[in-house]
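Novice: Got a structure for you, written out below as structure tokens; questions coming shortly.
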Amino acid sequence: MSKTMLAAVLHGIKDLRVDELPVPGLEPGKVLVRVRRGGICGSDVHYFEEGRFGSFAVTAPFVLGHEVTGEVVALADGVSQPALGERVVVNPSRQCGQCDYCRSGRGNLCRNVRMLGSASTKPPTHGGFSEYLLVGADQCFPVPPQIDDGVGAMIEPFAVALHALKRAGSVVGKPVIVTGGGPIGLLTVIVARACGATTIAVSDPVAERRQMALQVGADSAFDPTEASFKEQVTALTGDGFEVLFEASGAAPALRQAFEVVRRGGTLVQIGVYSAPEVSVPVNQLLVRELQVIGSFRYGPVWEEAIRLVASGRVNLQPLISRVLPLNQAPAALALACAKAGVVKVQLDLL
Ligand SMILES: [Zn+2]
Ligand SMILES: [Zn+2]
């Protein structure tokens with residue numbers, strides 16, 4: 001095996017370079033994965049465009065990417081799972097397993113979490129847009145042959161949507177709206193459909209995204225900038241939606257959410273805001289007994305996510321718009337930034 005590898009390294013705003021880096025050496029409890037496919041996430045786009053993602057600012061160059069399918073090519077001594085040669089998807093979030101949150105089953109809130117391709121730690125943690133990736137054996141989940149590399153790299157964002165759905169409680173028999181028709185919003189539509197929501201609506205100002213939402217299973221799609229938005233929602237649902245997933249991270253969407261959720265309804269926040277504060281009609285919380293719930297990354301939903309996809313109950317393939325080779329990573333990021341005509345852009349690392 002070569003001692004060096006190529007990786008897409010972010011050096012600054014809109015400065016992504018394909019650099020040669022050393023292949024990481026094995027460490028106890030870890031496995032070396034030959035990355036095959038990597039999906040570009042909204043967070044990668046924010047790091048690339050703005051040098052930050054929410055409150056996480058880039059302080060040093062790092063490898064982007066955390067939505068990864070690969071093949072296990074080396075195991076540390078004593079590791080037997082996953083097996084050598086197995087194709088896996090990688091949970092990019094490494095939890096300590098020791099802190100009070102980890103021990104109480106809320107590992108996504110871990111005090112010592114490390115996320116691949118993230119500036120949430122200082123220095124930032126290198127991500128998966130590299131030919132080789134060193135990860136904990138317990139971060140790898142084998143995928144069956146019916147999940148190809150592209151769909152495998154969609155499991156991570158799908159796990160975000162599945163976790164958000166669980167945070168909402170049951171959606172069975174309920175009218176649901178998803179605000180924001182980007183990849184996470186569309187995946188939330190797909191999982192809400194699979195899990196028994198009745199009416200599913202999407203709001204997004206971009207016509208193309210509304211069209212895509214209808215294609216992946218939404219019943220209706222609204223333009224939230226239209227003056228008649230509220231009337232259209234009322235015409236569809238009567239009193240409003242029982243569950244709203246805010247997947248846009250846009251301040252107007254959050255304000256509007258309070259108008260379209262029915263009394264006693266639930267608002268689940270998934271989208272990340274660039275603005276540190278958003279004003280909302282706060283008295284609505286009490287007079288209409290609204291529940292506002294945050295949803296961060298994912299709990300232990302990976303195996304379930306893989307089973308749902310492998311069973312054919314959900315189809316993630318239509319969301320993959322473009323696949324570019326690693327040496328075109330800067331162009332791929334630019335394409336993902338433009339958002340026009342694309343949902344998910346992936347990098348082929350083979
Ligand atoms: Zn992601
Ligand atoms: Zn922990």
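By convention in this document, the chains of the structure tokens carry letters A, B, ... by their order, each chain's residues are numbered from 1, and ligands are numbered from 1 in the order they are shown.
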Output the neighbourhood of ligand 2 as a PyMOL selection string, that is, all protein and nucleic acid residues with some atom at most 7 Å from the ligand, counting only C-alpha atoms and all ligand atoms.
Specialist: chain A and resi 95-102+107+110-113
Novice: Which residues sit within 7 Å of ligand 1, counting only C-alpha atoms and all ligand atoms, listed as a ChimeraX atom specification?
Specialist: /A:41-43,66-67,156-157
Novice: Export, as a short mmCIF file (atom, residue, chain, number, x, y, z; two decimals), in the first residue's frame, the selected residues with C-alpha atoms.
Specialist:
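New file out.cif:
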data_model
loop_
_atom_site.label_atom_id
_atom_site.label_comp_id
_atom_site.auth_asym_id
_atom_site.auth_seq_id
_atom_site.Cartn_x
_atom_site.Cartn_y
_atom_site.Cartn_z
CA CYS A 41 -23.10 17.74 3.03
CA GLY A 42 -24.60 21.14 3.79
CA SER A 43 -21.94 21.51 6.49
CA HIS A 66 -18.28 12.74 6.59
CA GLU A 67 -20.78 10.85 4.40
CA GLU A 156 -25.45 9.35 7.11
CA PRO A 157 -27.86 12.13 6.09
#
Novice: Taking into account only C-alpha atoms, which residue in the set A:Ala250, A:Val9, A:Glu231, A:Val58 is nearest to Tyr273 of chain A?
Specialist: A:Ala250
Novice: A:Phe129, A:Phe158, A:Phe62, A:Phe53: which is nearest Asn315 of chain A, counting only C-alpha atoms?
Specialist: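 Checking each of A:Phe129, A:Phe158, A:Phe62, A:Phe53 against Asn315 of chain A, counting only C-alpha atoms, the winner is A:Phe158.
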Novice: Identify, on the basis of only C-alpha atoms, every residue whose closest approach to Arg167 of chain A does not exceed 9 Å; exclude the query and any residue fewer than 4 positions from it along the same chain; express the result as a PDB file with C-alpha atoms, in the first residue's frame.
Specialist:
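Okay, around.pdb is ready:
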ATOM      1  CA  LEU A 162     -34.524   9.152  10.907  1.00  0.00           C
ATOM      2  CA  HIS A 163     -33.292  10.545  14.231  1.00  0.00           C
ATOM      3  CA  VAL A 268     -38.544  19.698  15.304  1.00  0.00           C
ATOM      4  CA  ILE A 293     -37.607  19.940  19.934  1.00  0.00           C
ATOM      5  CA  GLY A 294     -33.994  20.055  18.782  1.00  0.00           C
ATOM      6  CA  SER A 295     -32.547  17.197  16.756  1.00  0.00           C
TER       7      SER A 295
END
Novice: Check the smallest atom-to-atom distance from each of A:Ala338, A:Ala332, A:Met5, A:Ala227 to Pro22 of chain A using only C-alpha atoms, then report the winner.
Specialist: A:Met5
Novice: Grab the atom CA of Arg209 of chain A to atom CA of Pro318 of chain A distance for me, in Å with one decimal place.
Specialist: 12.7 Å
Novice: List the neighbours of segment 70-83 of chain A out to 7 Å using only C-alpha atoms; skip same-chain residues closer than 4 positions along the sequence, and give me the result as a PyMOL selection string.
Specialist: chain A and resi 26-37+87-89+137+140+142
Novice: Counting only C-alpha atoms, what is within 9 Å of Ser279 of chain A, bar same-chain residues fewer than 6 positions away, as a VMD selection string?
Specialist: chain A and resid 251 254 to 255
Novice: In Å to one decimal, how far is atom CA of Gln269 of chain A from atom CA of Val292 of chain A?
Specialist: 7.4 Å
